[in-house]
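Asks: Take this structure first; my questions come after.
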Amino acid sequence: MNKKSIFGLVFIALIAFCWWDYESHGVKQTSKVTNVGSTALQPLSESAAAGFLKKNPVINLIVQGGGSGTGLSQVQNGTVEIGSSDVYAESKKGINAKKLTDHIVAISAIVPIVNKKLNIKNLTTNQLRDIFLGTITNWKQVGGPDLEITIINRASGSGTRAAFQELILKGKEPLKAQEQDSNGSVKQIVKATPGAISYVSTSYIDNSIKTLTIDGIDASSKNVETNKYKLWSYEHMYTQKNASAAAVKLIEYIQSKEVQNTLVKRAHYISIYDMKVVRDINGVVRKK
C-alpha cells in the first residue's frame, strides 16, 4: 500500500472517530441552541456562555432577551430551542404548558429602584402597592421630598412585571404609565429621571441607581432563601418535550452545582440548591 493510500485511510478514520465522538456525547457538530426570553435571566445566560462553549465548542449558542412572553411563545412554536421566563408557562395566555418541559435554573430577587438623589430608603408593601396603583402620587406622602412620582412600568409581556403584579399588586393592573421592555432600559430611565420608581432583577443593580428595602427587609440571598424577602421569582428555561441534546446540555451545565455555587451567585442570583422554601404556581410557599 502506497503512502497516499495510507494517508487516505488515516484521514477517513480520523473523521469517523470525530463523528463518533460527537454522536456518543449526544451533540452533533452543527448543533445550534437559541435561548430567547427573560431579560432578568439574560445576564446569567450570557455569563454562562463562555464556560459552556469552552466545554462544548461544537455548539453554536445564541442568547437574546425579548421578555418572558416572547420566550414562551417562540419555544412553543419551535422557533427557538429554549424559552426563558420569570413565570410559569401555565400563567401565560396562549401557552400550552403541557407541551413544554420546565427547567428551573436560578432564583431572582426583584427590587424597587429609584433615582439615586431621592431621599427615600424604604417603602412598606402597602406604600409600594399604592404608588403603582396611583393612590400615592407624591414622594412627600411617604416621607420624601415634595416631588411628583414618575412610574416606569415593565411591558405587559414581562415576567418580572407579572411577578410584581402577583406579589405586590395582588393581581391588579398598575396605573397606566411609561412602559419599558427590559430591565436594562428601566434602569437607565430611573437613573436619568428625578422622582422615578420602577423595579428590576438584582442582576441589574449597580451604584447608578438606589435600591429600596420593603418593610425594612433587603433582598439579600439569605432573606430570599427563607422567603423573608417575598419579592422573588424562579428563573425558568423551557424546552419542548423532545428537546435537542445540545439544549439539554446547556441547561444541565447551568444547573450543575459547580455553576450554581460560583457563576450564579457572582451574577447576583440565588442558587436553586440554597432555597429553603418552594413556591408553587398558585403562589403558595412551603418549606422544602
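Letters for chains follow the order of the C-alpha cells (A, B, ...), residue numbers begin at 1 for each chain, and ligand numbers begin at 1 in the order shown.
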Would you give me, as CSV, each residue of region 127-209 of chain A having an atom within 9 Å of an atom of region 254-268 of chain A, along with its shortest atom pair and that distance in Å to one decimal, using only C-alpha atoms and sorting by chain and residue number?

Replies:
```
residue,atom,partner,partner_atom,distance
A:Ser201,CA,A:His268,CA,8.9
A:Thr202,CA,A:His268,CA,6.1
A:Ser203,CA,A:His268,CA,5.1
A:Tyr204,CA,A:His268,CA,8.5
A:Ile205,CA,A:His268,CA,8.8
```

Asks: Find the spatial neighbours of Asp146 (chain A), counting only C-alpha atoms, within a cut-off of 12 Å - ignore same-chain residues fewer than 2 positions away - and output them as an NGL selection string.

Replies: :A and (118-119 or 137-144 or 148-149 or 194-195)

Asks: Please produce a file of the residues just selected, as an mmCIF file, in the first residue's frame, where the atoms kept are N, CA, C and O atoms.

Replies:
```cif
data_model
loop_
_atom_site.group_PDB
_atom_site.id
_atom_site.type_symbol
_atom_site.label_atom_id
_atom_site.label_comp_id
_atom_site.auth_asym_id
_atom_site.auth_seq_id
_atom_site.Cartn_x
_atom_site.Cartn_y
_atom_site.Cartn_z
ATOM 1 N N LEU A 118 -32.919 60.643 45.259
ATOM 2 C CA LEU A 118 -34.149 60.663 46.047
ATOM 3 C C LEU A 118 -33.878 60.227 47.481
ATOM 4 O O LEU A 118 -33.277 59.183 47.723
ATOM 5 N N ASN A 119 -34.343 61.001 48.434
ATOM 6 C CA ASN A 119 -34.090 60.731 49.849
ATOM 7 C C ASN A 119 -35.136 59.772 50.424
ATOM 8 O O ASN A 119 -35.918 60.117 51.319
ATOM 9 N N THR A 137 -49.150 59.673 44.885
ATOM 10 C CA THR A 137 -48.631 60.303 43.668
ATOM 11 C C THR A 137 -47.466 61.260 43.909
ATOM 12 O O THR A 137 -46.849 61.730 42.957
ATOM 13 N N ASN A 138 -47.152 61.528 45.186
ATOM 14 C CA ASN A 138 -46.069 62.459 45.515
ATOM 15 C C ASN A 138 -45.207 61.836 46.602
ATOM 16 O O ASN A 138 -45.716 61.214 47.543
ATOM 17 N N TRP A 139 -43.892 62.037 46.482
ATOM 18 C CA TRP A 139 -42.982 61.413 47.430
ATOM 19 C C TRP A 139 -43.165 61.929 48.854
ATOM 20 O O TRP A 139 -42.825 61.250 49.823
ATOM 21 N N LYS A 140 -43.726 63.119 49.004
ATOM 22 C CA LYS A 140 -43.929 63.663 50.361
ATOM 23 C C LYS A 140 -44.954 62.836 51.138
ATOM 24 O O LYS A 140 -44.972 62.860 52.370
ATOM 25 N N GLN A 141 -45.789 62.070 50.433
ATOM 26 C CA GLN A 141 -46.786 61.222 51.085
ATOM 27 C C GLN A 141 -46.156 60.018 51.788
ATOM 28 O O GLN A 141 -46.811 59.366 52.602
ATOM 29 N N VAL A 142 -44.894 59.728 51.461
ATOM 30 C CA VAL A 142 -44.198 58.599 52.110
ATOM 31 C C VAL A 142 -42.905 59.063 52.775
ATOM 32 O O VAL A 142 -41.955 58.295 52.928
ATOM 33 N N GLY A 143 -42.878 60.340 53.145
ATOM 34 C CA GLY A 143 -41.726 60.862 53.888
ATOM 35 C C GLY A 143 -40.601 61.404 53.053
ATOM 36 O O GLY A 143 -39.533 61.724 53.586
ATOM 37 N N GLY A 144 -40.831 61.561 51.767
ATOM 38 C CA GLY A 144 -39.796 62.086 50.890
ATOM 39 C C GLY A 144 -40.018 63.547 50.551
ATOM 40 O O GLY A 144 -40.833 64.234 51.190
ATOM 41 N N GLU A 148 -43.267 64.964 42.421
ATOM 42 C CA GLU A 148 -44.201 64.028 41.794
ATOM 43 C C GLU A 148 -43.517 62.691 41.498
ATOM 44 O O GLU A 148 -42.358 62.650 41.077
ATOM 45 N N ILE A 149 -44.242 61.624 41.720
ATOM 46 C CA ILE A 149 -43.717 60.283 41.451
ATOM 47 C C ILE A 149 -43.900 59.953 39.971
ATOM 48 O O ILE A 149 -44.987 60.113 39.414
ATOM 49 N N PRO A 194 -35.451 62.306 37.870
ATOM 50 C CA PRO A 194 -35.744 62.604 39.280
ATOM 51 C C PRO A 194 -37.184 62.200 39.622
ATOM 52 O O PRO A 194 -38.104 62.460 38.840
ATOM 53 N N GLY A 195 -37.359 61.533 40.736
ATOM 54 C CA GLY A 195 -38.699 61.125 41.156
ATOM 55 C C GLY A 195 -39.186 59.823 40.563
ATOM 56 O O GLY A 195 -40.305 59.383 40.831
#
```

Asks: Under the rule that only C-alpha atoms are counted, which of A:Ser38, A:Ser198, A:Gln178, A:Thr211 is the nearest residue to Gly66 (chain A)?

Replies: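 Ranking A:Ser38, A:Ser198, A:Gln178, A:Thr211 by distance to Gly66 (chain A), first place goes to A:Ser38.
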
Asks: Identify all residues of region 61-148 of chain A in strand (DSSP E) (DSSP on the backbone) and supply them as a ChimeraX atom specification.

Replies: /A:61-66,82-85,100-114,122-123

Asks: Just want the 12 Å neighbourhood of Ile197 (chain A), counted on only C-alpha atoms, with same-chain residues fewer than 4 positions away dropped. Output as a PyMOL selection string.

Replies: chain A and resi 111-118+120+123+128+131-132+137-139+148-154+177-179+186-193+209-212

Asks: Which one of A:Val63, A:Pro57, A:Ile95, A:Ser221 sits closest to Pro43 (chain A) if you count only C-alpha atoms?

Replies: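 Looking at the shortest contact to Pro43 (chain A), the residue is A:Val63.
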
Asks: Quick one: everything within 12 Å of Gln165 (chain A), counting only C-alpha atoms, minus sequence neighbours fewer than 6 positions away in the same chain. Send it as a ChimeraX atom specification.

Replies: /A:87,110,128-129,132-133,153-156,158-159,171-175,199,231-233

Asks: Considering only C-alpha atoms, return as a PyMOL selection string whatever protein or nucleic-acid residues lie within 8 Å of Asp102 (chain A), sequence-local ones (same chain, fewer than 4 positions apart) excluded.

Replies: chain A and resi 236-239

Asks: Just the selected residues (C-alpha atoms), exported as a short mmCIF file (atom, residue, chain, number, x, y, z; two decimals), in the first residue's frame, please.

Replies:
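Result file is again_31.cif:
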```
data_model
loop_
_atom_site.label_atom_id
_atom_site.label_comp_id
_atom_site.auth_asym_id
_atom_site.auth_seq_id
_atom_site.Cartn_x
_atom_site.Cartn_y
_atom_site.Cartn_z
CA HIS A 236 -37.22 29.04 34.10
CA MET A 237 -35.75 27.63 30.91
CA TYR A 238 -38.50 25.96 28.92
CA THR A 239 -37.92 23.45 26.15
#
```

Asks: Give me, as a PyMOL selection string, the residues of region 129-225 of chain A that a backbone DSSP run labels helix (DSSP H, G or I).

Replies: chain A and resi 129-133+139-142+159-167+183-192+202-204+221-225

Asks: Those selected residues, please, written with C-alpha atoms and delivered as an mmCIF file, in the first residue's frame.

Replies:
```
data_model
loop_
_atom_site.group_PDB
_atom_site.id
_atom_site.type_symbol
_atom_site.label_atom_id
_atom_site.label_comp_id
_atom_site.auth_asym_id
_atom_site.auth_seq_id
_atom_site.Cartn_x
_atom_site.Cartn_y
_atom_site.Cartn_z
ATOM 1 C CA ARG A 129 -48.690 48.927 46.031
ATOM 2 C CA ASP A 130 -50.411 52.307 46.392
ATOM 3 C CA ILE A 131 -47.705 54.040 44.355
ATOM 4 C CA PHE A 132 -48.089 51.661 41.410
ATOM 5 C CA LEU A 133 -51.894 51.742 41.644
ATOM 6 C CA TRP A 139 -42.982 61.413 47.430
ATOM 7 C CA LYS A 140 -43.929 63.663 50.361
ATOM 8 C CA GLN A 141 -46.786 61.222 51.085
ATOM 9 C CA VAL A 142 -44.198 58.599 52.110
ATOM 10 C CA GLY A 159 -42.271 38.053 33.529
ATOM 11 C CA THR A 160 -40.784 40.482 36.044
ATOM 12 C CA ARG A 161 -43.930 42.598 35.741
ATOM 13 C CA ALA A 162 -46.126 39.517 36.154
ATOM 14 C CA ALA A 163 -44.286 38.575 39.345
ATOM 15 C CA PHE A 164 -44.517 42.141 40.671
ATOM 16 C CA GLN A 165 -48.253 42.291 39.953
ATOM 17 C CA GLU A 166 -48.867 38.956 41.635
ATOM 18 C CA LEU A 167 -46.753 39.508 44.728
ATOM 19 C CA ASN A 183 -34.524 45.576 32.959
ATOM 20 C CA GLY A 184 -31.660 47.496 31.390
ATOM 21 C CA SER A 185 -33.810 50.204 29.827
ATOM 22 C CA VAL A 186 -35.788 50.608 33.064
ATOM 23 C CA LYS A 187 -32.575 51.182 34.996
ATOM 24 C CA GLN A 188 -31.346 53.820 32.550
ATOM 25 C CA ILE A 189 -34.587 55.802 32.705
ATOM 26 C CA VAL A 190 -34.753 55.722 36.508
ATOM 27 C CA LYS A 191 -31.121 56.824 36.605
ATOM 28 C CA ALA A 192 -31.924 59.873 34.464
ATOM 29 C CA THR A 202 -30.931 42.134 41.272
ATOM 30 C CA SER A 203 -28.607 41.094 38.440
ATOM 31 C CA TYR A 204 -29.018 44.630 37.060
ATOM 32 C CA SER A 221 -29.691 35.938 49.420
ATOM 33 C CA LYS A 222 -30.354 34.867 52.999
ATOM 34 C CA ASN A 223 -33.668 36.737 53.113
ATOM 35 C CA VAL A 224 -34.797 35.394 49.733
ATOM 36 C CA GLU A 225 -33.831 31.797 50.570
#
```

Asks: How many Å separate CA of Thr39 (chain A) from CA of Gly65 (chain A)?

Replies: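 About the pair CA of Thr39 (chain A) and CA of Gly65 (chain A): they are 5.0 Å apart.
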
Asks: Determine, counting only C-alpha atoms, which protein, DNA and RNA residues have an atom within 6 Å of an atom of Glu235 (chain A); residues of the same chain fewer than 2 positions away are not included. Present the result as an MDAnalysis selection string.

Replies: chainID A and resid 86 104:107

Asks: Would you output that residue set with N, CA and C atoms, as a PDB file, in the first residue's frame?

Replies:
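Output below, filename again.pdb:
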```pdb
ATOM      1  N   ASP A  86     -39.642  34.322  33.615  1.00  0.00           N
ATOM      2  CA  ASP A  86     -39.677  34.564  35.062  1.00  0.00           C
ATOM      3  C   ASP A  86     -40.929  33.979  35.694  1.00  0.00           C
ATOM      4  N   ILE A 104     -36.004  24.783  36.080  1.00  0.00           N
ATOM      5  CA  ILE A 104     -35.700  25.940  36.922  1.00  0.00           C
ATOM      6  C   ILE A 104     -34.182  26.013  37.103  1.00  0.00           C
ATOM      7  N   VAL A 105     -33.590  27.159  36.752  1.00  0.00           N
ATOM      8  CA  VAL A 105     -32.133  27.259  36.747  1.00  0.00           C
ATOM      9  C   VAL A 105     -31.582  28.266  37.769  1.00  0.00           C
ATOM     10  N   ALA A 106     -32.444  29.090  38.347  1.00  0.00           N
ATOM     11  CA  ALA A 106     -31.982  30.067  39.334  1.00  0.00           C
ATOM     12  C   ALA A 106     -33.191  30.744  39.963  1.00  0.00           C
ATOM     13  N   ILE A 107     -32.926  31.534  40.994  1.00  0.00           N
ATOM     14  CA  ILE A 107     -33.953  32.362  41.626  1.00  0.00           C
ATOM     15  C   ILE A 107     -33.466  33.800  41.569  1.00  0.00           C
TER      16      ILE A 107
END
```

Asks: Quick check, in Å to one decimal: how far apart do CA of Lys54 (chain A) and CA of Ala246 (chain A) lie?

Replies: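 Interatomic distance, CA of Lys54 (chain A) to CA of Ala246 (chain A): 13.7 Å.
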
Asks: Report the distance between CA of Thr70 (chain A) and CA of Gln240 (chain A) in Å, rounded to one decimal place.

Replies: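 Taking CA of Thr70 (chain A) as the start and CA of Gln240 (chain A) as the end point, the length is 14.9 Å.
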